[in-house]
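File shown: run-v6.cif. Contents: mmCIF, C-alpha atoms and all ligand atoms.
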data_final
loop_
_atom_site.label_atom_id
_atom_site.label_comp_id
_atom_site.auth_asym_id
_atom_site.auth_seq_id
_atom_site.Cartn_x
_atom_site.Cartn_y
_atom_site.Cartn_z
CA MET A 1 -26.60 -25.48 8.58
CA THR A 2 -27.50 -27.65 11.56
CA ILE A 3 -26.97 -26.94 15.21
CA LYS A 4 -25.39 -29.70 17.20
CA GLN A 5 -24.59 -30.02 20.88
CA LEU A 6 -21.13 -31.25 21.71
CA LEU A 7 -19.25 -31.59 24.95
CA SER A 8 -15.87 -30.21 25.87
CA ARG A 9 -13.27 -32.94 25.83
CA ILE A 10 -10.65 -34.06 28.25
CA ASN A 11 -7.55 -31.88 28.19
CA TRP A 12 -4.61 -34.27 28.29
CA LYS A 13 -2.25 -31.58 29.49
CA GLY A 14 -2.78 -31.92 33.16
CA GLN A 15 -4.04 -35.50 33.14
CA PRO A 16 -1.95 -38.58 33.88
CA LYS A 17 -1.15 -41.03 31.08
CA TYR A 18 -2.21 -44.63 31.57
CA LEU A 19 1.40 -45.81 31.77
CA HIS A 20 3.53 -44.36 34.57
CA PRO A 21 6.23 -46.94 35.31
CA ALA A 22 7.07 -45.51 38.74
CA TYR A 23 3.55 -46.64 39.73
CA THR A 24 4.23 -50.30 39.11
CA SER A 25 0.59 -51.44 38.88
CA THR A 26 0.30 -49.47 35.63
CA LEU A 27 2.78 -51.80 33.91
CA LYS A 28 0.23 -54.58 33.38
CA ARG A 29 -2.91 -52.48 33.22
CA ALA A 30 -2.17 -49.51 30.96
CA PRO A 31 -3.76 -49.76 27.51
CA GLN A 32 -1.11 -49.33 24.83
CA GLN A 33 -3.06 -48.90 21.63
CA PRO A 34 -3.99 -45.38 20.53
CA LEU A 35 -7.29 -44.10 21.93
CA ILE A 36 -10.01 -43.44 19.39
CA PRO A 37 -11.78 -40.05 19.62
CA LEU A 38 -15.44 -40.73 20.30
CA PRO A 39 -18.02 -38.64 18.44
CA HIS A 40 -20.63 -37.26 20.80
CA THR A 41 -24.05 -38.78 20.43
CA LEU A 42 -26.92 -38.87 22.90
CA SER A 43 -25.03 -41.70 24.59
CA GLU A 44 -22.36 -39.22 25.64
CA LEU A 45 -24.56 -36.13 26.16
CA THR A 46 -26.58 -37.97 28.79
CA GLY A 47 -25.77 -39.63 32.10
CA PRO A 48 -27.30 -40.65 35.40
CA VAL A 49 -29.34 -38.00 37.22
CA TYR A 50 -29.23 -37.90 41.01
CA GLY A 51 -31.37 -36.27 43.65
CA THR A 52 -31.66 -36.08 47.40
CA SER A 53 -33.52 -39.40 47.50
CA ASP A 54 -30.25 -41.08 46.53
CA ILE A 55 -28.51 -39.75 49.65
CA GLY A 56 -29.06 -40.82 53.26
CA PRO A 57 -29.35 -38.20 56.01
CA LEU A 58 -25.90 -39.00 57.48
CA ASP A 59 -24.10 -39.89 54.26
CA HIS A 60 -22.22 -36.55 54.33
CA ASP A 61 -20.98 -37.01 57.90
CA LEU A 62 -18.35 -39.74 58.17
CA THR A 63 -17.91 -38.94 61.86
CA ARG A 64 -21.48 -40.11 62.52
CA ASN A 65 -22.51 -42.46 59.72
CA ALA A 66 -20.75 -45.52 61.18
CA VAL A 67 -20.95 -44.90 64.91
CA ARG A 68 -21.32 -48.06 67.01
CA ASN A 69 -20.16 -47.18 70.50
CA GLY A 70 -18.57 -43.74 70.40
CA GLN A 71 -16.94 -41.13 68.23
CA PRO A 72 -14.28 -42.03 65.68
CA ILE A 73 -10.71 -41.26 66.72
CA GLY A 74 -8.73 -38.50 65.05
CA GLU A 75 -8.75 -34.93 63.92
CA ARG A 76 -12.26 -33.84 62.86
CA ILE A 77 -12.30 -31.88 59.59
CA ILE A 78 -14.84 -30.19 57.31
CA VAL A 79 -14.20 -30.48 53.56
CA THR A 80 -16.08 -28.16 51.25
CA GLY A 81 -15.80 -26.81 47.74
CA ARG A 82 -17.54 -26.24 44.45
CA VAL A 83 -17.97 -28.48 41.44
CA LEU A 84 -17.57 -26.54 38.20
CA ASP A 85 -17.42 -27.51 34.57
CA ASP A 86 -14.57 -26.27 32.42
CA SER A 87 -16.66 -23.37 31.10
CA GLY A 88 -16.78 -22.09 34.69
CA SER A 89 -20.44 -22.93 35.32
CA THR A 90 -21.32 -24.49 38.63
CA VAL A 91 -22.65 -28.05 38.55
CA PRO A 92 -25.71 -28.58 40.76
CA ASN A 93 -26.78 -32.10 41.77
CA ALA A 94 -23.33 -33.52 41.14
CA LEU A 95 -22.97 -36.69 43.17
CA LEU A 96 -19.69 -37.10 45.05
CA GLU A 97 -18.71 -40.37 46.67
CA VAL A 98 -15.76 -40.18 49.04
CA TRP A 99 -13.68 -42.80 50.79
CA GLN A 100 -10.51 -42.81 52.85
CA ALA A 101 -8.33 -44.47 55.46
CA ASN A 102 -9.00 -43.81 59.14
CA ALA A 103 -6.78 -41.57 61.28
CA CYS A 104 -4.26 -44.40 61.65
CA GLY A 105 -3.95 -44.98 57.90
CA ARG A 106 -6.07 -48.14 57.81
CA TYR A 107 -8.91 -48.95 55.42
CA ILE A 108 -11.75 -51.19 56.50
CA HIS A 109 -11.20 -53.11 53.24
CA LYS A 110 -10.31 -56.77 53.73
CA VAL A 111 -7.18 -56.68 51.58
CA ASP A 112 -5.68 -53.78 53.52
CA GLN A 113 -2.90 -55.53 55.42
CA HIS A 114 -1.45 -52.45 57.11
CA ASP A 115 -0.73 -53.24 60.74
CA ALA A 116 -2.65 -50.29 62.17
CA PRO A 117 -5.87 -50.37 64.17
CA LEU A 118 -9.35 -50.29 62.68
CA ASP A 119 -11.73 -47.77 64.20
CA PRO A 120 -15.02 -49.42 65.24
CA ASN A 121 -16.83 -46.12 64.67
CA PHE A 122 -15.50 -45.22 61.24
CA THR A 123 -15.90 -46.81 57.83
CA GLY A 124 -14.47 -43.91 55.85
CA ALA A 125 -17.23 -43.96 53.21
CA GLY A 126 -19.64 -41.14 52.41
CA ARG A 127 -21.71 -39.42 49.73
CA VAL A 128 -22.80 -35.87 49.14
CA LEU A 129 -24.71 -33.97 46.47
CA THR A 130 -23.85 -30.44 45.35
CA ASN A 131 -26.52 -27.82 46.04
CA ALA A 132 -28.04 -25.38 43.54
CA LYS A 133 -24.81 -23.32 43.67
CA GLY A 134 -22.61 -26.32 42.96
CA GLU A 135 -21.32 -26.49 46.54
CA TYR A 136 -20.71 -29.60 48.62
CA ARG A 137 -19.69 -30.07 52.22
CA PHE A 138 -18.86 -33.14 54.26
CA ILE A 139 -17.45 -33.88 57.67
CA THR A 140 -14.82 -36.51 58.33
CA ILE A 141 -11.64 -37.43 60.17
CA LYS A 142 -8.27 -36.45 58.70
CA PRO A 143 -6.94 -39.64 57.11
CA GLY A 144 -3.56 -41.04 58.08
CA ALA A 145 -0.72 -41.82 55.69
CA TYR A 146 -0.34 -45.52 54.93
CA PRO A 147 2.35 -47.80 53.54
CA TRP A 148 2.00 -49.60 50.23
CA ARG A 149 4.36 -51.97 48.51
CA ASN A 150 5.04 -50.07 45.32
CA HIS A 151 8.70 -49.57 46.26
CA LEU A 152 10.88 -49.73 49.37
CA ASN A 153 9.47 -47.55 52.18
CA ALA A 154 6.57 -46.34 50.05
CA TRP A 155 3.90 -44.33 51.93
CA ARG A 156 0.87 -42.70 50.41
CA PRO A 157 0.41 -39.05 51.38
CA GLN A 158 -2.77 -38.35 53.35
CA HIS A 159 -5.64 -38.31 50.88
CA ILE A 160 -9.38 -38.62 50.37
CA HIS A 161 -10.66 -40.45 47.27
CA PHE A 162 -13.42 -38.73 45.27
CA SER A 163 -15.75 -40.19 42.65
CA VAL A 164 -17.78 -37.53 40.84
CA PHE A 165 -20.77 -37.68 38.48
CA GLY A 166 -21.43 -34.39 36.69
CA ALA A 167 -24.00 -33.46 34.06
CA ASN A 168 -23.26 -36.32 31.63
CA ILE A 169 -21.06 -39.38 31.40
CA MET A 170 -18.23 -37.54 29.65
CA SER A 171 -17.69 -35.56 32.86
CA ARG A 172 -17.09 -38.70 34.96
CA LEU A 173 -14.09 -38.25 37.26
CA VAL A 174 -12.35 -40.29 39.92
CA THR A 175 -9.58 -38.47 41.75
CA GLN A 176 -7.87 -37.94 45.10
CA MET A 177 -7.67 -34.87 47.32
CA TYR A 178 -4.42 -34.20 49.19
CA PHE A 179 -3.52 -31.89 52.08
CA PRO A 180 -1.26 -28.83 51.97
CA GLY A 181 2.34 -29.17 53.11
CA ASP A 182 2.48 -32.97 53.08
CA PRO A 183 6.15 -34.01 52.71
CA LEU A 184 5.10 -37.34 51.16
CA LEU A 185 3.66 -35.68 48.06
CA ALA A 186 7.11 -35.20 46.51
CA LEU A 187 7.76 -38.95 46.90
CA ASP A 188 4.40 -40.29 45.68
CA PRO A 189 4.29 -41.83 42.18
CA ILE A 190 0.49 -41.55 41.95
CA TYR A 191 0.47 -37.82 42.66
CA ASN A 192 3.52 -37.34 40.44
CA SER A 193 1.96 -39.24 37.52
CA ILE A 194 0.70 -35.81 36.40
CA ASP A 195 3.53 -34.05 34.57
CA ASP A 196 2.23 -30.53 34.83
CA GLU A 197 3.00 -29.01 38.22
CA ALA A 198 0.13 -26.53 38.17
CA ALA A 199 -2.28 -29.38 37.41
CA ARG A 200 -0.87 -31.52 40.23
CA GLN A 201 -1.37 -28.70 42.67
CA ARG A 202 -5.05 -28.59 41.83
CA LEU A 203 -5.29 -31.87 43.76
CA ILE A 204 -4.11 -30.21 46.99
CA SER A 205 -6.84 -28.79 49.17
CA SER A 206 -6.25 -25.50 50.96
CA TYR A 207 -6.67 -24.83 54.65
CA ALA A 208 -9.73 -22.59 55.01
CA HIS A 209 -9.96 -20.64 58.25
CA ASP A 210 -13.42 -19.37 57.29
CA VAL A 211 -14.63 -22.97 57.13
CA THR A 212 -12.95 -23.92 60.41
CA GLN A 213 -15.36 -23.97 63.34
CA PRO A 214 -14.20 -22.89 66.81
CA GLU A 215 -13.78 -25.70 69.35
CA TRP A 216 -14.91 -28.24 66.77
CA ALA A 217 -13.17 -28.87 63.41
CA LEU A 218 -10.60 -27.59 60.90
CA GLY A 219 -11.80 -26.63 57.42
CA TYR A 220 -10.37 -27.46 54.01
CA ARG A 221 -11.49 -26.26 50.62
CA PHE A 222 -11.26 -28.37 47.46
CA ASP A 223 -12.82 -27.26 44.18
CA ILE A 224 -13.32 -29.75 41.35
CA VAL A 225 -13.44 -28.92 37.62
CA LEU A 226 -15.05 -31.44 35.26
CA CYS A 227 -14.88 -31.65 31.49
CA GLY A 228 -18.03 -32.19 29.46
CA SER A 229 -19.46 -28.66 29.43
CA LYS A 230 -21.98 -28.19 26.63
CA MET A 231 -20.86 -26.43 23.49
CA THR A 232 -23.19 -25.59 20.63
CA VAL A 233 -21.60 -25.97 17.24
CA PHE A 234 -22.90 -25.11 13.80
CA GLU A 235 -22.13 -27.33 10.88
CA MET B 236 -11.81 -22.48 29.94
CA LEU B 237 -10.93 -23.74 33.40
CA THR B 238 -8.44 -26.57 33.55
CA GLN B 239 -9.95 -29.86 34.61
CA THR B 240 -9.07 -31.58 37.83
CA PRO B 241 -6.62 -34.41 37.12
CA SER B 242 -7.78 -37.99 37.41
CA GLN B 243 -6.22 -40.38 39.95
CA THR B 244 -6.60 -44.10 40.39
CA VAL B 245 -9.63 -45.49 42.20
CA GLY B 246 -7.02 -47.56 44.12
CA PRO B 247 -7.61 -50.99 45.63
CA PHE B 248 -9.76 -49.92 48.59
CA PHE B 249 -12.95 -48.57 47.02
CA TYR B 250 -15.19 -51.54 47.78
CA ASP B 251 -16.84 -50.37 51.01
CA ALA B 252 -17.70 -46.95 49.58
CA LEU B 253 -18.51 -47.60 45.93
CA ILE B 254 -19.93 -51.12 45.99
CA ALA B 255 -21.13 -52.11 49.47
CA LEU B 256 -23.37 -49.06 49.98
CA GLY B 257 -25.50 -50.32 47.09
CA LYS B 258 -28.41 -48.23 45.79
CA PRO B 259 -28.29 -46.45 43.39
CA PHE B 260 -25.06 -48.18 42.30
CA VAL B 261 -26.00 -51.78 41.63
CA PRO B 262 -25.44 -54.28 38.81
CA THR B 263 -29.18 -54.52 38.11
CA LEU B 264 -30.56 -51.75 35.88
CA VAL B 265 -34.11 -53.05 35.72
CA ARG B 266 -36.94 -52.76 38.20
CA ASP B 267 -40.24 -54.65 38.06
CA GLY B 268 -42.17 -53.49 35.03
CA ALA B 269 -39.15 -52.53 32.96
CA GLN B 270 -39.93 -52.76 29.25
CA GLY B 271 -37.95 -54.75 26.71
CA GLN B 272 -35.89 -57.89 26.43
CA ARG B 273 -34.07 -58.63 29.67
CA ILE B 274 -30.50 -59.76 29.20
CA LEU B 275 -27.36 -60.54 31.17
CA ILE B 276 -23.99 -59.07 30.32
CA VAL B 277 -21.12 -61.09 31.75
CA GLY B 278 -17.38 -60.71 31.31
CA THR B 279 -13.92 -60.83 32.81
CA VAL B 280 -11.36 -58.05 33.11
CA LEU B 281 -7.89 -59.26 32.08
CA ASP B 282 -4.51 -57.57 32.49
CA GLY B 283 -1.56 -57.54 30.09
CA ASP B 284 -0.57 -61.07 31.16
CA GLY B 285 -4.09 -62.41 30.63
CA VAL B 286 -4.59 -62.59 34.38
CA PRO B 287 -8.05 -61.68 35.76
CA VAL B 288 -8.19 -58.33 37.57
CA PRO B 289 -10.10 -58.80 40.84
CA ASP B 290 -10.03 -55.15 41.94
CA ALA B 291 -11.68 -53.33 39.06
CA MET B 292 -15.01 -51.55 38.96
CA ILE B 293 -17.15 -51.50 35.82
CA GLU B 294 -19.83 -48.91 35.13
CA ILE B 295 -22.27 -49.12 32.25
CA TRP B 296 -24.65 -46.51 30.84
CA GLN B 297 -27.18 -47.20 28.12
CA ALA B 298 -30.49 -46.30 26.52
CA ASP B 299 -33.69 -48.14 27.38
CA THR B 300 -35.38 -50.61 25.05
CA ASN B 301 -36.77 -47.77 22.90
CA GLY B 302 -33.43 -45.98 22.61
CA TYR B 303 -34.34 -43.28 25.17
CA HIS B 304 -32.13 -42.04 28.00
CA ASN B 305 -33.27 -41.17 31.47
CA HIS B 306 -31.74 -37.68 31.17
CA PRO B 307 -33.08 -34.22 30.26
CA ALA B 308 -30.66 -33.87 27.31
CA ASP B 309 -32.55 -36.63 25.52
CA PRO B 310 -35.45 -35.17 23.47
CA ASN B 311 -37.43 -38.28 24.45
CA TYR B 312 -36.63 -37.95 28.15
CA ALA B 313 -40.32 -37.82 29.07
CA LYS B 314 -40.85 -41.17 27.35
CA ALA B 315 -37.87 -42.92 28.95
CA ASP B 316 -38.79 -46.08 30.85
CA PRO B 317 -39.25 -45.09 34.53
CA ASN B 318 -38.39 -48.64 35.58
CA PHE B 319 -35.01 -48.60 33.92
CA SER B 320 -32.10 -46.75 35.53
CA GLY B 321 -29.64 -46.73 32.63
CA LEU B 322 -26.64 -46.90 34.99
CA GLY B 323 -25.09 -50.02 36.43
CA ARG B 324 -22.00 -50.64 38.52
CA CYS B 325 -20.30 -53.94 39.36
CA ASP B 326 -17.06 -55.00 41.04
CA THR B 327 -14.82 -57.81 39.82
CA VAL B 328 -13.94 -59.35 43.18
CA ASN B 329 -15.07 -62.74 41.89
CA GLU B 330 -11.95 -63.65 39.86
CA GLY B 331 -12.17 -60.60 37.64
CA CYS B 332 -15.77 -61.31 36.59
CA PHE B 333 -18.69 -58.91 36.40
CA GLU B 334 -22.38 -59.46 35.62
CA PHE B 335 -25.11 -56.94 34.81
CA GLN B 336 -28.82 -57.53 34.48
CA THR B 337 -30.28 -55.06 32.02
CA VAL B 338 -32.37 -54.81 28.84
CA LYS B 339 -31.15 -54.85 25.30
CA PRO B 340 -30.97 -51.15 24.37
CA GLY B 341 -32.80 -49.68 21.41
CA ARG B 342 -31.09 -47.79 18.63
CA VAL B 343 -29.98 -44.23 19.44
CA GLU B 344 -29.78 -41.75 16.58
CA GLY B 345 -29.49 -44.57 14.09
CA GLN B 346 -26.56 -46.18 15.87
CA ALA B 347 -26.41 -49.90 16.47
CA PRO B 348 -27.57 -50.93 19.96
CA HIS B 349 -24.67 -50.41 22.35
CA VAL B 350 -23.72 -50.06 25.99
CA ASN B 351 -21.18 -47.49 27.23
CA VAL B 352 -18.61 -49.12 29.49
CA ARG B 353 -16.09 -47.57 31.86
CA VAL B 354 -13.33 -49.45 33.65
CA PHE B 355 -11.68 -48.25 36.85
CA SER B 356 -9.00 -50.10 38.82
CA ARG B 357 -5.86 -49.94 40.83
CA GLY B 358 -3.11 -49.29 38.32
CA MET B 359 -5.35 -47.18 36.08
CA LEU B 360 -4.57 -43.52 36.66
CA ILE B 361 -7.47 -42.54 34.46
CA HIS B 362 -10.46 -44.75 33.68
CA ALA B 363 -10.86 -46.50 30.34
CA ASN B 364 -13.86 -45.80 28.13
CA THR B 365 -15.33 -48.24 25.64
CA ARG B 366 -18.56 -49.46 24.07
CA MET B 367 -20.11 -52.89 23.92
CA TYR B 368 -22.03 -53.90 20.79
CA PHE B 369 -24.15 -57.03 20.30
CA GLY B 370 -22.96 -60.01 18.30
CA ASP B 371 -26.46 -60.77 17.03
CA GLU B 372 -26.82 -57.31 15.43
CA ALA B 373 -24.42 -57.82 12.54
CA ALA B 374 -26.35 -55.67 10.05
CA ALA B 375 -26.72 -52.74 12.45
CA ASN B 376 -23.08 -53.06 13.52
CA ALA B 377 -21.91 -52.91 9.92
CA ASP B 378 -23.59 -49.49 9.55
CA ASP B 379 -22.57 -48.03 12.89
CA ALA B 380 -20.79 -44.66 12.71
CA VAL B 381 -18.67 -45.24 15.80
CA LEU B 382 -17.67 -48.81 14.97
CA SER B 383 -16.61 -47.60 11.53
CA LEU B 384 -13.93 -45.44 13.23
CA VAL B 385 -12.33 -48.56 14.67
CA PRO B 386 -9.74 -50.44 12.61
CA MET B 387 -11.45 -53.49 11.08
CA ASP B 388 -9.08 -56.00 12.69
CA ARG B 389 -9.90 -54.71 16.19
CA ARG B 390 -13.68 -54.28 15.93
CA ASP B 391 -14.36 -57.71 17.35
CA THR B 392 -13.03 -56.54 20.73
CA LEU B 393 -16.17 -54.37 21.00
CA ILE B 394 -18.69 -57.04 20.06
CA ALA B 395 -20.22 -59.21 22.77
CA THR B 396 -20.93 -62.86 22.01
CA LEU B 397 -24.39 -64.29 22.59
CA LEU B 398 -23.87 -67.41 24.72
CA PRO B 399 -26.07 -70.50 24.63
CA SER B 400 -28.40 -70.15 27.59
CA ASN B 401 -31.57 -71.71 28.96
CA GLY B 402 -32.46 -68.59 30.89
CA LEU B 403 -32.03 -64.94 29.98
CA PRO B 404 -30.11 -64.17 26.79
CA THR B 405 -26.53 -63.78 27.99
CA TYR B 406 -23.81 -61.80 26.25
CA ARG B 407 -20.12 -62.24 27.04
CA PHE B 408 -17.94 -59.14 26.85
CA ASN B 409 -14.38 -59.50 28.13
CA LEU B 410 -12.24 -56.45 28.73
CA VAL B 411 -8.53 -56.80 27.95
CA LEU B 412 -6.67 -53.83 29.40
CA LYS B 413 -3.41 -54.39 27.55
CA GLY B 414 -1.59 -56.57 25.05
CA LYS B 415 -2.90 -59.35 22.80
CA GLY B 416 -6.58 -58.76 22.05
CA GLU B 417 -6.50 -55.38 23.80
CA THR B 418 -9.98 -53.90 23.90
CA VAL B 419 -10.45 -50.78 21.79
CA PHE B 420 -10.69 -47.79 24.11
CA PHE B 421 -12.00 -44.36 23.22
CA THR B 422 -10.89 -41.04 24.68
CA PRO B 423 -12.30 -41.04 28.20
FE FE C 1 -6.12 -44.56 49.28
#

Take the structure from the file and write it as structure tokens.
Ligand SMILES: [Fe+3]
Amino acid sequence: MTIKQLLSRINWKGQPKYLHPAYTSTLKRAPQQPLIPLPHTLSELTGPVYGTSDIGPLDHDLTRNAVRNGQPIGERIIVTGRVLDDSGSTVPNALLEVWQANACGRYIHKVDQHDAPLDPNFTGAGRVLTNAKGEYRFITIKPGAYPWRNHLNAWRPQHIHFSVFGANIMSRLVTQMYFPGDPLLALDPIYNSIDDEAARQRLISSYAHDVTQPEWALGYRFDIVLCGSKMTVFE
Amino acid sequence: MLTQTPSQTVGPFFYDALIALGKPFVPTLVRDGAQGQRILIVGTVLDGDGVPVPDAMIEIWQADTNGYHNHPADPNYAKADPNFSGLGRCDTVNEGCFEFQTVKPGRVEGQAPHVNVRVFSRGMLIHANTRMYFGDEAAANADDAVLSLVPMDRRDTLIATLLPSNGLPTYRFNLVLKGKGETVFFTP
């Protein structure tokens, strides 16, 4: 008998499929051939390791990391949460990269054609590392909704993009965090690409009064669960 | 088991956060003093119409020249090359093209040398996961346990071609997201 380390695999119930015709960009970009299950070798059990030297002192504060001549415009918010793996263990030193539109719904990106103002003091890009307890916290401006051309009168619900590196490359996740009570969620093909309603709702942050700071900022909580927890198997 | 957070597309507007901030996410995996044969990996991301995809992001992860990973799960972690990061990231703003500067990886657990590749883009609700093998490693490729899972008539989509070059050895690895010549993708 040998002992082998494996990783938990992605659970397709609760994940979007590649092809979701209501999101028209998937039509030309969704792989169609069956996916091949990948055996787990050291290539999959490993991944990049990050530490505080990879993070700048203001990377976690999007209200300060791009200031040129004043504060960014909009509603200041604190976003916090835990990164867990699917066994329920917290993930320390997970690296989160976040990006978002400004309060008016405009990205700094050059192909964003939305006719809304840029904010000279806000780039909407940040990074944060989870602490020893798997917790992260960043400060930003609540993003605005923005139009896109997927269909007539299409508007993305307010959202923050997240890119997450966990303990190995099988846990790699890119996702979006939404806000509670947003009427655009029901109309959004990207959010609704996930069939399972309970899974979709895991993308909606919750308002957290204990995170909210008096006279300063509203708090939201958003926990993230990654696959790729270690399992020991005997063969 | 907790249920995983669903994936969502990286969207079209990731450039200023995921690319422009640079370190540690750059297309160059080697620092001065890195061991092994330096190589370039170049390629184009193509959609189902064969049109280059200019808003994708490619990430690669690989072993160093000795087959060691810069990660504590590797029994040879302590021997991993400190001047080799193992992770690279590149955009495809230039007409769907990407380029990495790295070293040719060593064999890992008897596998043929390979590079793990992930593709993210607008229109991909969940990233795609594949491996790049080397066209000049035919004998090792023929024995590889992962390649042997791939139908024979599609294996060539995972094998990079060594291009004629006066400089660094350069391997071409195109990624076809859909349709004719679709790259083999593994479960992400
Ligand atoms: Fe967005």

Residues of chain A at most 6 Å from chain B: nearest atom pair and distance in Å, only C-alpha atoms, as JSON lines:
{"residue": "A:Gln15", "atom": "CA", "partner": "B:Pro241", "partner_atom": "CA", "distance": 4.9}
{"residue": "A:Tyr18", "atom": "CA", "partner": "B:Leu360", "partner_atom": "CA", "distance": 5.7}
{"residue": "A:Ser25", "atom": "CA", "partner": "B:Gly358", "partner_atom": "CA", "distance": 4.3}
{"residue": "A:Thr26", "atom": "CA", "partner": "B:Gly358", "partner_atom": "CA", "distance": 4.3}
{"residue": "A:Lys28", "atom": "CA", "partner": "B:Gly283", "partner_atom": "CA", "distance": 4.8}
{"residue": "A:Arg29", "atom": "CA", "partner": "B:Asp282", "partner_atom": "CA", "distance": 5.4}
{"residue": "A:Pro31", "atom": "CA", "partner": "B:Lys413", "partner_atom": "CA", "distance": 4.6}
{"residue": "A:Leu35", "atom": "CA", "partner": "B:Phe421", "partner_atom": "CA", "distance": 4.9}
{"residue": "A:Ile36", "atom": "CA", "partner": "B:Phe421", "partner_atom": "CA", "distance": 4.4}
{"residue": "A:Pro37", "atom": "CA", "partner": "B:Thr422", "partner_atom": "CA", "distance": 5.2}
{"residue": "A:Leu38", "atom": "CA", "partner": "B:Phe421", "partner_atom": "CA", "distance": 5.8}
{"residue": "A:Thr46", "atom": "CA", "partner": "B:His306", "partner_atom": "CA", "distance": 5.7}
{"residue": "A:Asp86", "atom": "CA", "partner": "B:Leu237", "partner_atom": "CA", "distance": 4.5}
{"residue": "A:Ser87", "atom": "CA", "partner": "B:Met236", "partner_atom": "CA", "distance": 5.1}
{"residue": "A:Trp99", "atom": "CA", "partner": "B:Ala252", "partner_atom": "CA", "distance": 5.9}
{"residue": "A:His109", "atom": "CA", "partner": "B:Phe248", "partner_atom": "CA", "distance": 5.8}
{"residue": "A:Ala125", "atom": "CA", "partner": "B:Ala252", "partner_atom": "CA", "distance": 4.7}
{"residue": "A:Val174", "atom": "CA", "partner": "B:Ser242", "partner_atom": "CA", "distance": 5.7}
{"residue": "A:Thr175", "atom": "CA", "partner": "B:Gln243", "partner_atom": "CA", "distance": 4.3}
{"residue": "A:Gln176", "atom": "CA", "partner": "B:Gln243", "partner_atom": "CA", "distance": 5.9}
{"residue": "A:Ile224", "atom": "CA", "partner": "B:Thr240", "partner_atom": "CA", "distance": 5.8}
{"residue": "A:Val225", "atom": "CA", "partner": "B:Gln239", "partner_atom": "CA", "distance": 4.7}
{"residue": "A:Leu226", "atom": "CA", "partner": "B:Gln239", "partner_atom": "CA", "distance": 5.4}

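With only C-alpha atoms taken into account, the protein and nucleic acid residues at most 12 Å from Gly278 in chain B (excluding it and anything under 5 positions from it in its own chain) are Pro287, Val288, Ile293, Cys325, Asp326, Thr327, Asn329, Glu330, Gly331, Cys332, Phe333, Glu334, Phe335, Val352, Met367, Ile394, Ala395, Thr396, Leu397, Leu398, Thr405, Tyr406, Arg407, Phe408, Asn409, Leu410 and Val411 of chain B.
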
**Request:** Would you please work out which residue, of A:Pro16, A:Pro57, A:Pro72, A:Pro34, is nearest to Leu129 in chain A when using all atoms listed in the file?
**Result:**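 So, comparing all the options, the nearest one is A:Pro57.
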
**Request:** Return as a VMD selection string the residues of protein, DNA or RNA that approach ligand FE 1 (chain C) to within 7 Å, with all atoms listed in the file taken into account.
**Result:** (chain A and resid 100 to 101 159 to 161) or (chain B and resid 246 248)

**Asked** Is there a way to get, as a PyMOL selection string, all residues within 10 Å of the point (-31.0, -52.3, 10.6) in file coordinates, counting all atoms listed in the file?
**Response** chain B and resi 342+345-347+372-379

Saved selection, atoms kept: C-alpha atoms, as a PDB file, in the frame of the given file:
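Result went into part-v2.pdb, see below:
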ATOM      1  CA  ARG B 342     -31.090 -47.790  18.630  1.00  0.00           C
ATOM      2  CA  GLY B 345     -29.490 -44.570  14.090  1.00  0.00           C
ATOM      3  CA  GLN B 346     -26.560 -46.180  15.870  1.00  0.00           C
ATOM      4  CA  ALA B 347     -26.410 -49.900  16.470  1.00  0.00           C
ATOM      5  CA  GLU B 372     -26.820 -57.310  15.430  1.00  0.00           C
ATOM      6  CA  ALA B 373     -24.420 -57.820  12.540  1.00  0.00           C
ATOM      7  CA  ALA B 374     -26.350 -55.670  10.050  1.00  0.00           C
ATOM      8  CA  ALA B 375     -26.720 -52.740  12.450  1.00  0.00           C
ATOM      9  CA  ASN B 376     -23.080 -53.060  13.520  1.00  0.00           C
ATOM     10  CA  ALA B 377     -21.910 -52.910   9.920  1.00  0.00           C
ATOM     11  CA  ASP B 378     -23.590 -49.490   9.550  1.00  0.00           C
ATOM     12  CA  ASP B 379     -22.570 -48.030  12.890  1.00  0.00           C
TER      13      ASP B 379
END

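Relative to CA of Val354 in chain B, CA of Arg389 in chain B is found at 18.6 Å.
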
**Request:** Mind giving me the straight-line distance from CA of Lys17 in chain A to CA of Met170 in chain A in Å, one decimal?
**Result:** 17.5 Å

**Contacts of Leu58 in chain A within 12 Å, all atoms listed in the file, excl. fewer than 2 positions in-chain, as a PyMOL selection string** = chain A and resi 52+54-56+60-67+125-128+138-140

**Request:** Record the distance separating CA of Tyr50 in chain A and CA of Asn318 in chain B, expressed in Å with one decimal.
**Result:**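 A separation of 15.1 Å between them.
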
**Prompt:** So, counting only C-alpha atoms, which residue among B:Thr337, B:Asp290, B:Ser383, B:Lys314 is closest to Pro39 in chain A?
**Reply:**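 That would be B:Ser383, the residue with the smallest distance to Pro39 in chain A.
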
**Request:** Find the residue from B:Leu393, B:Asp371, B:Arg324, B:Ser400 that sits nearest to Ala291 in chain B; use all atoms listed in the file when measuring.
**Result:** B:Arg324

**Prompt:** Which residues, written as an NGL selection string, have at least one atom at most 7 Å from Cys104 in chain A, with only C-alpha atoms counted and residues fewer than 6 positions away on the same chain left out?
**Reply:** :A and (116-117 or 144)
